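Engineer: Handing over work_35.cif, mmCIF, C-alpha atoms and all ligand atoms.
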data_work
#
loop_
_atom_site.label_atom_id
_atom_site.label_comp_id
_atom_site.auth_asym_id
_atom_site.auth_seq_id
_atom_site.Cartn_x
_atom_site.Cartn_y
_atom_site.Cartn_z
CA MET Q 1 22.79 -13.40 50.91
CA GLN Q 2 22.56 -11.00 48.00
CA PRO Q 3 21.37 -12.45 44.63
CA ILE Q 4 24.64 -11.15 43.18
CA LEU Q 5 26.36 -14.03 45.02
CA ASP Q 6 24.02 -16.68 43.55
CA HIS Q 7 26.73 -18.07 41.30
CA LEU Q 8 29.35 -18.37 44.03
CA SER Q 9 29.36 -21.71 45.86
CA PRO Q 10 27.61 -21.52 49.25
CA ALA Q 11 30.50 -23.63 50.59
CA TRP Q 12 32.10 -20.25 51.26
CA SER Q 13 30.82 -18.55 54.40
CA HIS Q 14 31.13 -14.74 54.34
CA LEU Q 15 31.86 -12.40 57.23
CA THR Q 16 30.53 -9.51 55.09
CA THR Q 17 29.44 -8.90 51.52
CA VAL Q 18 31.75 -5.87 51.25
CA GLN Q 19 33.11 -5.71 47.70
CA PRO Q 20 36.44 -3.92 47.85
CA VAL Q 21 37.78 -2.52 44.60
CA ARG Q 22 41.00 -1.22 46.12
CA GLY Q 23 43.31 -1.96 49.03
CA GLU Q 24 46.01 0.21 50.55
CA GLY Q 25 47.94 -0.57 53.73
CA ILE Q 26 45.45 -1.55 56.44
CA TYR Q 27 42.46 -0.27 54.43
CA LEU Q 28 40.01 -1.68 51.91
CA TYR Q 29 37.76 0.62 49.83
CA ASP Q 30 34.54 -0.29 48.03
CA ALA Q 31 33.18 1.28 44.84
CA ASP Q 32 31.55 4.08 46.88
CA ASN Q 33 34.95 4.75 48.48
CA THR Q 34 33.71 3.57 51.87
CA ARG Q 35 36.78 2.69 53.91
CA TYR Q 36 37.14 -0.50 55.97
CA ILE Q 37 39.91 -1.15 58.46
CA ASP Q 38 41.14 -4.63 57.65
CA PHE Q 39 42.42 -6.15 60.88
CA THR Q 40 42.08 -9.63 59.40
CA SER Q 41 44.89 -9.18 56.85
CA GLY Q 42 42.86 -11.52 54.61
CA ILE Q 43 43.45 -14.25 57.26
CA GLY Q 44 47.05 -13.36 58.02
CA VAL Q 45 48.23 -12.82 54.46
CA THR Q 46 48.78 -9.11 53.80
CA ASN Q 47 51.57 -8.63 56.34
CA THR Q 48 53.14 -5.92 54.15
CA GLY Q 49 49.73 -4.21 53.89
CA HIS Q 50 47.37 -4.30 50.95
CA CYS Q 51 49.13 -3.57 47.65
CA HIS Q 52 52.48 -2.48 49.02
CA PRO Q 53 53.97 -0.38 46.17
CA ARG Q 54 57.20 -2.40 46.05
CA VAL Q 55 55.36 -5.71 45.92
CA VAL Q 56 53.00 -4.37 43.25
CA ALA Q 57 55.94 -3.09 41.18
CA ALA Q 58 57.70 -6.46 41.43
CA ILE Q 59 54.55 -8.31 40.33
CA GLN Q 60 54.02 -5.89 37.42
CA LYS Q 61 57.61 -6.20 36.27
CA GLN Q 62 57.60 -9.99 36.52
CA ALA Q 63 54.21 -10.26 34.76
CA ALA Q 64 55.54 -8.24 31.85
CA ASN Q 65 58.59 -10.52 31.53
CA LEU Q 66 57.61 -14.07 32.52
CA ILE Q 67 54.56 -15.32 34.41
CA HIS Q 68 55.05 -19.07 34.43
CA GLY Q 69 58.40 -20.77 34.19
CA GLN Q 70 57.39 -24.35 35.08
CA ILE Q 71 60.02 -25.59 37.50
CA ASN Q 72 60.34 -29.15 36.14
CA ILE Q 73 60.99 -27.74 32.69
CA VAL Q 74 62.98 -24.54 33.33
CA VAL Q 75 64.04 -22.79 36.53
CA SER Q 76 62.95 -19.16 36.72
CA PRO Q 77 65.51 -16.75 38.16
CA ALA Q 78 62.78 -15.54 40.52
CA ALA Q 79 62.40 -19.02 42.06
CA ILE Q 80 66.17 -19.31 42.48
CA GLU Q 81 66.36 -15.87 44.07
CA LEU Q 82 63.52 -16.73 46.43
CA SER Q 83 65.36 -19.84 47.64
CA HIS Q 84 68.41 -17.67 48.43
CA ARG Q 85 66.38 -15.00 50.23
CA LEU Q 86 64.53 -17.64 52.29
CA ASN Q 87 67.85 -19.20 53.21
CA GLU Q 88 68.85 -15.84 54.71
CA VAL Q 89 65.74 -15.39 56.85
CA THR Q 90 64.94 -18.94 58.02
CA PRO Q 91 66.51 -20.49 61.15
CA ASP Q 92 69.95 -22.12 60.89
CA GLY Q 93 69.79 -25.56 59.36
CA ILE Q 94 66.86 -24.72 57.08
CA ASP Q 95 68.59 -24.14 53.76
CA CYS Q 96 66.64 -25.97 51.07
CA PHE Q 97 63.13 -25.12 49.83
CA PHE Q 98 60.22 -26.65 47.97
CA PHE Q 99 57.45 -24.36 46.66
CA SER Q 100 53.71 -24.97 46.45
CA ASN Q 101 50.61 -22.80 46.33
CA SER Q 102 48.73 -23.03 49.64
CA GLY Q 103 49.37 -23.79 53.28
CA ALA Q 104 47.52 -27.10 53.07
CA GLU Q 105 49.52 -28.17 50.04
CA ALA Q 106 52.78 -27.36 51.80
CA THR Q 107 51.64 -29.23 54.92
CA GLU Q 108 50.80 -32.31 52.83
CA GLY Q 109 54.21 -31.99 51.23
CA ALA Q 110 55.92 -31.77 54.62
CA VAL Q 111 54.15 -34.95 55.73
CA LYS Q 112 55.19 -36.74 52.54
CA LEU Q 113 58.78 -35.60 53.05
CA ALA Q 114 58.76 -36.72 56.69
CA ARG Q 115 57.36 -40.14 55.80
CA GLN Q 116 59.84 -40.81 53.00
CA ALA Q 117 62.82 -39.44 54.90
CA THR Q 118 62.15 -41.50 58.05
CA GLY Q 119 60.48 -44.56 56.56
CA ARG Q 120 57.88 -44.12 59.31
CA GLN Q 121 54.19 -43.40 58.80
CA ASN Q 122 52.52 -41.83 61.84
CA ILE Q 123 52.11 -38.12 62.46
CA ILE Q 124 51.36 -36.47 65.82
CA VAL Q 125 49.41 -33.20 65.87
CA PHE Q 126 47.92 -31.18 68.72
CA GLN Q 127 44.40 -30.60 69.97
CA GLY Q 128 43.02 -27.44 68.36
CA SER Q 129 45.36 -27.65 65.37
CA PHE Q 130 44.52 -26.27 61.95
CA HIS Q 131 46.64 -27.45 59.05
CA GLY Q 132 44.26 -27.15 56.09
CA ARG Q 133 41.27 -28.65 54.31
CA THR Q 134 42.64 -31.24 51.89
CA ALA Q 135 42.08 -34.88 52.87
CA GLN Q 136 45.44 -35.28 54.61
CA THR Q 137 45.36 -31.90 56.32
CA MET Q 138 41.70 -32.33 57.37
CA ALA Q 139 42.84 -35.45 59.20
CA MET Q 140 45.45 -33.28 60.93
CA THR Q 141 42.96 -30.53 61.81
CA THR Q 142 41.20 -30.69 65.18
CA SER Q 143 40.13 -27.08 65.79
CA LYS Q 144 36.46 -27.61 64.85
CA THR Q 145 34.36 -30.53 63.65
CA VAL Q 146 32.99 -28.43 60.76
CA TYR Q 147 36.27 -28.97 58.91
CA ARG Q 148 35.89 -32.76 59.08
CA ALA Q 149 32.17 -33.55 59.39
CA GLY Q 150 30.78 -35.43 56.41
CA TYR Q 151 34.21 -36.36 55.07
CA GLN Q 152 35.09 -39.46 57.08
CA PRO Q 153 36.93 -41.73 56.77
CA LEU Q 154 39.97 -39.49 56.69
CA PRO Q 155 43.53 -40.72 56.10
CA GLY Q 156 44.86 -42.70 59.07
CA GLY Q 157 48.07 -42.56 61.03
CA ILE Q 158 47.27 -39.24 62.71
CA PHE Q 159 47.45 -39.02 66.52
CA VAL Q 160 46.37 -36.06 68.63
CA ALA Q 161 48.21 -34.87 71.75
CA PRO Q 162 46.98 -32.08 74.07
CA PHE Q 163 48.16 -28.52 73.37
CA PRO Q 164 49.27 -26.48 76.41
CA TYR Q 165 46.22 -24.20 76.50
CA SER Q 166 46.46 -23.13 80.16
CA TYR Q 167 43.40 -20.89 80.16
CA ARG Q 168 41.15 -23.66 78.83
CA HIS Q 169 42.55 -26.20 81.28
CA GLY Q 170 42.21 -23.71 84.10
CA TRP Q 171 45.75 -24.49 85.29
CA ASP Q 172 48.89 -22.41 85.60
CA GLU Q 173 51.26 -22.58 82.64
CA GLU Q 174 53.92 -24.79 84.26
CA THR Q 175 51.37 -27.40 85.40
CA THR Q 176 49.80 -27.39 81.93
CA ILE Q 177 53.16 -27.86 80.19
CA ASP Q 178 54.12 -30.75 82.49
CA TRP Q 179 50.79 -32.47 81.92
CA CYS Q 180 50.98 -32.05 78.13
CA ILE Q 181 54.51 -33.48 78.00
CA GLU Q 182 53.43 -36.42 80.12
CA GLN Q 183 50.43 -37.04 77.83
CA LEU Q 184 52.66 -36.92 74.75
CA GLU Q 185 55.06 -39.42 76.31
CA THR Q 186 52.10 -41.67 77.11
CA LEU Q 187 50.88 -41.39 73.51
CA LEU Q 188 54.33 -42.46 72.29
CA LYS Q 189 54.16 -45.49 74.60
CA SER Q 190 50.53 -46.45 74.07
CA GLN Q 191 49.40 -45.41 70.57
CA SER Q 192 52.18 -44.39 68.20
CA ALA Q 193 55.56 -45.98 68.94
CA PRO Q 194 58.54 -43.74 68.15
CA SER Q 195 59.70 -46.32 65.60
CA GLU Q 196 56.45 -45.68 63.72
CA THR Q 197 56.31 -41.91 64.22
CA ALA Q 198 57.63 -39.79 61.36
CA ALA Q 199 56.85 -36.32 62.67
CA ILE Q 200 55.39 -34.12 65.35
CA VAL Q 201 53.67 -31.16 63.67
CA ILE Q 202 52.87 -28.05 65.69
CA GLU Q 203 51.79 -24.44 65.17
CA PRO Q 204 54.03 -22.30 67.42
CA VAL Q 205 50.96 -20.19 68.10
CA LEU Q 206 47.75 -22.19 67.78
CA GLY Q 207 45.86 -20.22 65.10
CA GLU Q 208 42.35 -21.32 64.20
CA GLY Q 209 42.31 -23.18 67.51
CA GLY Q 210 42.24 -19.95 69.53
CA TYR Q 211 45.43 -17.90 69.23
CA VAL Q 212 47.33 -19.67 72.00
CA PRO Q 213 51.14 -19.35 72.00
CA ALA Q 214 52.95 -22.63 72.66
CA PRO Q 215 55.20 -21.89 75.67
CA ASP Q 216 58.92 -21.90 74.83
CA ARG Q 217 59.58 -24.66 77.39
CA PHE Q 218 57.01 -26.86 75.67
CA LEU Q 219 58.59 -26.36 72.24
CA ARG Q 220 62.02 -27.13 73.69
CA ALA Q 221 60.63 -30.33 75.25
CA LEU Q 222 59.23 -31.35 71.85
CA ARG Q 223 62.65 -30.75 70.31
CA ASP Q 224 64.26 -33.00 72.94
CA ILE Q 225 61.70 -35.77 72.46
CA CYS Q 226 62.09 -35.62 68.67
CA THR Q 227 65.88 -35.71 68.87
CA ARG Q 228 65.77 -38.59 71.38
CA ASP Q 229 63.38 -40.68 69.27
CA GLY Q 230 64.48 -39.79 65.73
CA ILE Q 231 61.17 -38.04 65.03
CA LEU Q 232 61.13 -34.95 62.79
CA LEU Q 233 59.88 -31.72 64.34
CA VAL Q 234 57.70 -29.91 61.83
CA ILE Q 235 56.83 -26.30 62.62
CA ASP Q 236 53.77 -24.96 60.83
CA GLU Q 237 54.54 -21.25 60.39
CA VAL Q 238 51.75 -20.71 57.86
CA GLN Q 239 50.01 -18.13 60.04
CA THR Q 240 52.79 -17.18 62.46
CA GLY Q 241 55.47 -16.59 59.82
CA PHE Q 242 56.76 -13.49 58.15
CA GLY Q 243 57.10 -11.19 61.11
CA ARG Q 244 53.66 -11.75 62.55
CA THR Q 245 54.78 -12.52 66.11
CA GLY Q 246 57.62 -10.00 66.32
CA ALA Q 247 60.28 -12.36 64.96
CA PHE Q 248 60.61 -13.43 61.36
CA PHE Q 249 59.35 -16.87 62.47
CA ALA Q 250 57.59 -17.59 65.77
CA VAL Q 251 59.75 -20.62 66.54
CA GLU Q 252 62.73 -18.26 66.91
CA HIS Q 253 61.37 -17.04 70.26
CA SER Q 254 62.08 -20.47 71.75
CA GLY Q 255 65.48 -20.98 70.14
CA VAL Q 256 64.25 -24.35 68.86
CA GLN Q 257 65.68 -25.69 65.63
CA PRO Q 258 62.95 -27.19 63.44
CA ASP Q 259 63.61 -30.09 61.08
CA ILE Q 260 60.96 -28.91 58.64
CA MET Q 261 59.23 -25.54 58.40
CA ILE Q 262 56.00 -24.80 56.55
CA MET Q 263 55.36 -21.29 55.23
CA ALA Q 264 52.52 -19.71 53.24
CA LYS Q 265 50.11 -16.75 53.75
CA GLY Q 266 52.47 -13.77 54.45
CA LEU Q 267 55.10 -15.15 52.06
CA GLY Q 268 53.48 -13.76 48.91
CA SER Q 269 51.59 -10.71 50.24
CA GLY Q 270 48.45 -12.19 48.63
CA VAL Q 271 49.82 -13.96 45.57
CA PRO Q 272 49.33 -17.68 46.31
CA ILE Q 273 52.62 -19.32 47.27
CA SER Q 274 53.79 -21.63 50.02
CA ALA Q 275 57.09 -23.24 50.91
CA ILE Q 276 58.55 -26.17 52.79
CA GLY Q 277 62.00 -25.58 54.26
CA ALA Q 278 64.40 -28.25 55.55
CA SER Q 279 68.10 -29.05 55.48
CA ARG Q 280 69.53 -30.08 52.14
CA GLU Q 281 70.49 -33.39 53.74
CA LEU Q 282 66.88 -34.11 54.71
CA MET Q 283 65.47 -32.90 51.38
CA ALA Q 284 67.90 -35.27 49.63
CA LYS Q 285 65.93 -38.16 51.13
CA TRP Q 286 62.84 -37.09 49.16
CA GLN Q 287 62.53 -39.26 46.08
CA PRO Q 288 62.74 -37.04 42.95
CA GLY Q 289 59.38 -36.90 41.19
CA SER Q 290 57.47 -38.24 44.20
CA HIS Q 291 56.07 -34.78 44.94
CA GLY Q 292 55.37 -31.75 42.79
CA GLY Q 293 52.76 -29.65 41.06
CA THR Q 294 52.26 -27.52 37.99
CA TYR Q 295 52.48 -24.13 39.63
CA GLY Q 296 54.87 -24.49 42.59
CA GLY Q 297 57.68 -21.95 42.30
CA ASN Q 298 56.04 -20.10 39.41
CA ALA Q 299 57.82 -16.88 38.49
CA LEU Q 300 55.05 -14.43 39.36
CA ALA Q 301 54.49 -15.75 42.89
CA ALA Q 302 58.23 -16.09 43.49
CA ALA Q 303 58.79 -12.44 42.47
CA ALA Q 304 56.02 -11.34 44.85
CA ALA Q 305 57.67 -13.33 47.65
CA VAL Q 306 61.14 -11.93 46.95
CA ALA Q 307 59.72 -8.40 47.12
CA THR Q 308 57.78 -9.27 50.29
CA ILE Q 309 60.94 -10.44 52.06
CA ALA Q 310 62.79 -7.27 50.97
CA VAL Q 311 59.98 -5.06 52.33
CA MET Q 312 59.85 -7.04 55.57
CA ARG Q 313 63.57 -6.52 56.12
CA ASP Q 314 63.91 -2.93 54.88
CA GLU Q 315 60.90 -1.68 56.83
CA ASN Q 316 61.74 -3.81 59.85
CA LEU Q 317 58.19 -5.08 60.04
CA SER Q 318 58.91 -7.74 62.70
CA ALA Q 319 60.05 -4.98 65.06
CA ASN Q 320 56.93 -2.96 64.26
CA ALA Q 321 54.81 -6.05 64.98
CA ALA Q 322 56.51 -6.43 68.36
CA ARG Q 323 56.13 -2.75 69.24
CA VAL Q 324 52.53 -2.18 68.09
CA GLY Q 325 51.66 -5.65 69.40
CA ASP Q 326 52.82 -4.68 72.91
CA ARG Q 327 50.73 -1.53 72.74
CA LEU Q 328 47.66 -3.45 71.58
CA MET Q 329 48.16 -6.12 74.21
CA HIS Q 330 48.43 -3.50 76.94
CA SER Q 331 45.25 -1.70 75.82
CA LEU Q 332 43.32 -4.95 75.38
CA LYS Q 333 44.29 -6.01 78.91
CA GLU Q 334 42.96 -2.66 80.14
CA LEU Q 335 39.68 -3.41 78.36
CA GLN Q 336 39.69 -6.86 79.97
CA ALA Q 337 39.91 -5.20 83.40
CA GLU Q 338 36.94 -3.00 82.48
CA TYR Q 339 34.72 -5.61 80.78
CA PRO Q 340 34.27 -8.92 82.61
CA ILE Q 341 32.98 -10.64 79.43
CA ILE Q 342 36.65 -10.82 78.39
CA GLY Q 343 38.22 -13.83 80.07
CA ASP Q 344 41.73 -13.82 78.61
CA VAL Q 345 44.02 -11.74 76.40
CA ARG Q 346 47.12 -13.47 75.04
CA GLY Q 347 49.39 -13.66 72.05
CA ARG Q 348 52.66 -12.60 70.57
CA GLY Q 349 53.41 -9.54 68.44
CA LEU Q 350 50.47 -8.80 66.16
CA MET Q 351 48.83 -12.17 66.74
CA ILE Q 352 46.59 -11.54 69.72
CA GLY Q 353 43.53 -13.46 70.89
CA VAL Q 354 40.78 -11.99 73.07
CA GLU Q 355 38.85 -14.88 74.60
CA PHE Q 356 35.30 -14.29 75.82
CA GLY Q 357 33.87 -16.03 78.87
CA PRO Q 358 35.40 -17.76 81.88
CA SER Q 359 37.64 -20.76 81.14
CA ALA Q 360 34.87 -23.24 82.00
CA LYS Q 361 32.17 -21.34 80.07
CA PRO Q 362 33.20 -20.09 76.63
CA ASP Q 363 30.98 -17.17 75.58
CA LYS Q 364 30.53 -17.35 71.81
CA MET Q 365 27.60 -14.90 71.86
CA ALA Q 366 29.67 -12.13 73.45
CA ALA Q 367 32.46 -12.67 70.94
CA LYS Q 368 30.03 -12.62 68.01
CA LYS Q 369 28.22 -9.51 69.26
CA THR Q 370 31.53 -7.68 69.70
CA GLN Q 371 32.74 -8.81 66.29
CA GLN Q 372 29.49 -7.74 64.62
CA GLY Q 373 29.54 -4.41 66.45
CA SER Q 374 33.07 -3.81 65.15
CA VAL Q 375 32.21 -4.87 61.60
CA SER Q 376 29.14 -2.59 61.57
CA ARG Q 377 31.60 0.24 62.38
CA ASN Q 378 33.79 -0.83 59.43
CA LEU Q 379 36.45 -2.58 61.50
CA LEU Q 380 36.95 -6.09 60.13
CA LEU Q 381 37.90 -8.64 62.80
CA LEU Q 382 37.83 -12.45 62.69
CA THR Q 383 36.98 -14.95 65.40
CA CYS Q 384 38.60 -18.31 66.09
CA GLY Q 385 38.72 -21.07 68.69
CA THR Q 386 36.98 -24.42 69.02
CA HIS Q 387 34.09 -22.61 70.73
CA ASP Q 388 34.34 -19.64 68.33
CA ASN Q 389 34.66 -17.35 71.33
CA VAL Q 390 38.01 -15.72 70.56
CA ILE Q 391 38.42 -12.50 68.57
CA ARG Q 392 41.73 -12.45 66.76
CA TRP Q 393 43.82 -9.33 66.24
CA ILE Q 394 45.88 -9.83 63.14
CA PRO Q 395 46.39 -6.48 61.39
CA PRO Q 396 48.90 -5.90 58.60
CA LEU Q 397 52.36 -5.42 60.13
CA VAL Q 398 52.62 -1.93 58.64
CA VAL Q 399 49.96 -0.74 61.11
CA THR Q 400 50.83 2.43 63.02
CA ASP Q 401 50.14 3.33 66.67
CA GLU Q 402 47.40 5.75 65.62
CA GLN Q 403 45.70 3.17 63.42
CA ALA Q 404 45.85 0.59 66.21
CA ASP Q 405 44.34 3.13 68.63
CA THR Q 406 41.51 3.91 66.19
CA ALA Q 407 40.71 0.21 65.87
CA LEU Q 408 40.85 -0.17 69.65
CA SER Q 409 38.37 2.64 70.23
CA ILE Q 410 35.93 1.09 67.71
CA PHE Q 411 36.38 -2.28 69.43
CA ALA Q 412 35.77 -0.67 72.84
CA GLU Q 413 32.46 0.79 71.61
CA ALA Q 414 31.39 -2.62 70.29
CA LEU Q 415 32.47 -4.22 73.54
CA ALA Q 416 30.43 -1.76 75.57
CA ASP Q 417 27.35 -2.58 73.46
CA ALA Q 418 27.95 -6.33 73.78
CA SER Q 419 28.33 -6.03 77.55
CA GLN Q 420 24.84 -4.54 78.04
C1 LIG N 501 48.58 -22.79 60.74
C2 LIG N 501 47.95 -23.05 59.41
N1 LIG N 501 48.35 -24.08 58.67
C3 LIG N 501 47.81 -24.35 57.47
C4 LIG N 501 46.80 -23.57 56.96
C5 LIG N 501 46.22 -23.90 55.62
O1 LIG N 501 46.57 -22.91 54.69
P1 LIG N 501 45.73 -22.69 53.35
O2 LIG N 501 44.40 -22.15 53.75
O3 LIG N 501 46.56 -21.73 52.55
O4 LIG N 501 45.62 -24.03 52.71
C6 LIG N 501 46.34 -22.48 57.69
C7 LIG N 501 45.24 -21.63 57.18
O5 LIG N 501 44.63 -20.85 57.88
C8 LIG N 501 46.92 -22.20 58.96
O6 LIG N 501 46.51 -21.17 59.71
#
Would you encode the structure as structure tokens?
Structural biologist:
Amino acid sequence: MQPILDHLSPAWSHLTTVQPVRGEGIYLYDADNTRYIDFTSGIGVTNTGHCHPRVVAAIQKQAANLIHGQINIVVSPAAIELSHRLNEVTPDGIDCFFFSNSGAEATEGAVKLARQATGRQNIIVFQGSFHGRTAQTMAMTTSKTVYRAGYQPLPGGIFVAPFPYSYRHGWDEETTIDWCIEQLETLLKSQSAPSETAAIVIEPVLGEGGYVPAPDRFLRALRDICTRDGILLVIDEVQTGFGRTGAFFAVEHSGVQPDIMIMAKGLGSGVPISAIGASRELMAKWQPGSHGGTYGGNALAAAAAVATIAVMRDENLSANAARVGDRLMHSLKELQAEYPIIGDVRGRGLMIGVEFGPSAKPDKMAAKKTQQGSVSRNLLLLTCGTHDNVIRWIPPLVVTDEQADTALSIFAEALADASQ
């Protein structure tokens, strides 16, 4: 690493040492004005593109008027407006909101809410899950050991059920779903009794774990099990939310009604903010004062989020994600047919995973070579997956057809090099 980074903690890994001084739409620019295509969206955050003028204007205006209206002391109009705007865009039944700063913090909050509301303690998560890096959310994260190693013992009461990852299992989707439901039922009979289970927490598209959409039938089965057993269904939309998958929230594709929704990343277009949504009735079971934080719902972040939602709606970014996502998916499948190192291409909207290697033999090297080849051509792409063999396509939702095609042709060159 460069000496210039000597005073930054090495706990941060770095894909590049690019030092952008400016961002605009899908692009980042360094001090020499070198342009980078950011198809990482800062890990799924800049859904409205870097520095969308309306979001910037809202932040500037709010900063000039009020930055921090602490919510236990006063209630900033921006926080109130955000709760109303979220009520309009979240699924029916989600009408009451709690604000925090990060996805992990919101996930911890959702678990606390579920435990107090049900009087039960256990939480079920899925193999490959990523819910954050705080103690509680580390215990709920099973995508890679690196997130947990050296930190045991982690908080208890977390149980892990298999996620319907057909490609990894090497089965067809229906067989995989049936098996996963059966395993979950077994878990509820053998490890965590329903009477002890507060919540089932799931990402509607497994993110860090490999960009694997949960099939609609599986989500509907979870809903039925939760309703039958009085368990709360918690949908983690931290990465899938805010138009990413072609709907405002990924769970909408299945028609499933969540009990609790977790949002972050795309919500603030880069200003840290997260939210927990539930029904007012459920939220009323949360003991006042038993959860909180200094910054949650602060005026600046709330204003950024209000502007983000307005841009998302006015520019119809979910529809653009669906349309450009289809185009990308089609082209990536064509590349799969040409390059046998690609084993699978899957996803929803602009959340697409390209998995390298056959299902029984994940090929991390091929993924890394292709990623590095893309990065050396100034196309920023991230990997994911337990075996780190999946390249994720997660561009800002403002991306155009032409920009997607440019990125694809760079990727194809890198792929050709990696295939040699
Ligand atoms: C699905 C999901 N949940 C939770 C988190 C944690 O969010 P944060 O990094 O803001 O704490 C992430 C982060 O990548 C995520 O993808």
Engineer: Show me which residues sit within 7 Å of ligand LIG 501 (chain N) when counting all atoms listed in the file, and put them as a list in words.
Structural biologist: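 The residues near ligand LIG 501 (chain N) are Ile43, Ser102, Gly103, Ala104, Glu105, Thr107, Phe130, His131, Gly132, Arg133, Glu203, Gly207, Glu208, Asp236, Glu237, Val238, Gln239, Ala264 and Lys265 of chain Q.
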Engineer: Write out as number ranges by chain which residues come within 6 Å of segment 315-329 of chain Q when counting all atoms listed in the file, dropping same-chain ones fewer than 3 positions away.
Structural biologist: Q: 243, 246-247, 311-312, 332, 349-350, 397
Engineer: For segment 213-296 of chain Q against segment 54-76 of chain Q, with a cut-off of 10 Å and counting only C-alpha atoms, what is the closest atom pair and its distance in Å to one decimal for every residue that makes the cut, ordered by chain and number, as JSON lines?
Structural biologist:
{"residue": "Q:Gly268", "atom": "CA", "partner": "Q:Val55", "partner_atom": "CA", "distance": 8.8}
{"residue": "Q:Ser269", "atom": "CA", "partner": "Q:Val55", "partner_atom": "CA", "distance": 7.6}
{"residue": "Q:Gly270", "atom": "CA", "partner": "Q:Val55", "partner_atom": "CA", "distance": 9.9}
{"residue": "Q:Val271", "atom": "CA", "partner": "Q:Ile59", "partner_atom": "CA", "distance": 9.0}
{"residue": "Q:Gly289", "atom": "CA", "partner": "Q:Asn72", "partner_atom": "CA", "distance": 9.3}
{"residue": "Q:Gly292", "atom": "CA", "partner": "Q:Asn72", "partner_atom": "CA", "distance": 8.7}
{"residue": "Q:Gly293", "atom": "CA", "partner": "Q:Ile71", "partner_atom": "CA", "distance": 9.0}
{"residue": "Q:Thr294", "atom": "CA", "partner": "Q:Gln70", "partner_atom": "CA", "distance": 6.7}
{"residue": "Q:Tyr295", "atom": "CA", "partner": "Q:Gln70", "partner_atom": "CA", "distance": 6.7}
{"residue": "Q:Gly296", "atom": "CA", "partner": "Q:Ile71", "partner_atom": "CA", "distance": 7.3}
Engineer: Could you tell me how far atom CA of Ala416 of chain Q lies from atom CA of Glu355 of chain Q, in Å and to one decimal?
Structural biologist: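 Straight-line distance from atom CA of Ala416 of chain Q to atom CA of Glu355 of chain Q works out to 15.6 Å.
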Engineer: May I have the residues at most 9 Å from (54.6, -24.9, 64.6) in the file's coordinates, counting all atoms listed in the file, as a VMD selection string?
Structural biologist: chain Q and resid 201 to 206 214 219 233 to 238 240 250 to 251 258 261 to 262
Engineer: Because the input lacks atoms here, generate N, CA and C atoms for segment 326-337 of chain Q and report them as a short mmCIF file (atom, residue, chain, number, x, y, z; two decimals), keeping the file's coordinate frame.
Structural biologist:
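Output (part09.cif):
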data_model
loop_
_atom_site.label_atom_id
_atom_site.label_comp_id
_atom_site.auth_asym_id
_atom_site.auth_seq_id
_atom_site.Cartn_x
_atom_site.Cartn_y
_atom_site.Cartn_z
N ASP Q 326 52.75 -4.95 71.45
CA ASP Q 326 52.82 -4.68 72.91
C ASP Q 326 51.78 -3.64 73.29
N ARG Q 327 51.68 -2.62 72.46
CA ARG Q 327 50.73 -1.53 72.74
C ARG Q 327 49.29 -2.06 72.72
N LEU Q 328 49.01 -2.87 71.69
CA LEU Q 328 47.66 -3.45 71.58
C LEU Q 328 47.36 -4.35 72.77
N MET Q 329 48.33 -5.17 73.10
CA MET Q 329 48.16 -6.12 74.21
C MET Q 329 47.85 -5.36 75.51
N HIS Q 330 48.61 -4.30 75.74
CA HIS Q 330 48.43 -3.50 76.94
C HIS Q 330 47.00 -2.92 76.98
N SER Q 331 46.58 -2.33 75.86
CA SER Q 331 45.25 -1.70 75.82
C SER Q 331 44.15 -2.76 75.93
N LEU Q 332 44.35 -3.91 75.31
CA LEU Q 332 43.32 -4.95 75.38
C LEU Q 332 43.21 -5.50 76.80
N LYS Q 333 44.34 -5.55 77.51
CA LYS Q 333 44.29 -6.01 78.91
C LYS Q 333 43.55 -4.98 79.77
N GLU Q 334 43.72 -3.70 79.42
CA GLU Q 334 42.96 -2.66 80.14
C GLU Q 334 41.46 -2.85 79.90
N LEU Q 335 41.10 -3.17 78.66
CA LEU Q 335 39.68 -3.41 78.36
C LEU Q 335 39.18 -4.65 79.11
N GLN Q 336 40.06 -5.64 79.23
CA GLN Q 336 39.69 -6.86 79.97
C GLN Q 336 39.35 -6.52 81.42
N ALA Q 337 40.15 -5.59 82.01
CA ALA Q 337 39.91 -5.20 83.40
C ALA Q 337 38.57 -4.47 83.53
#
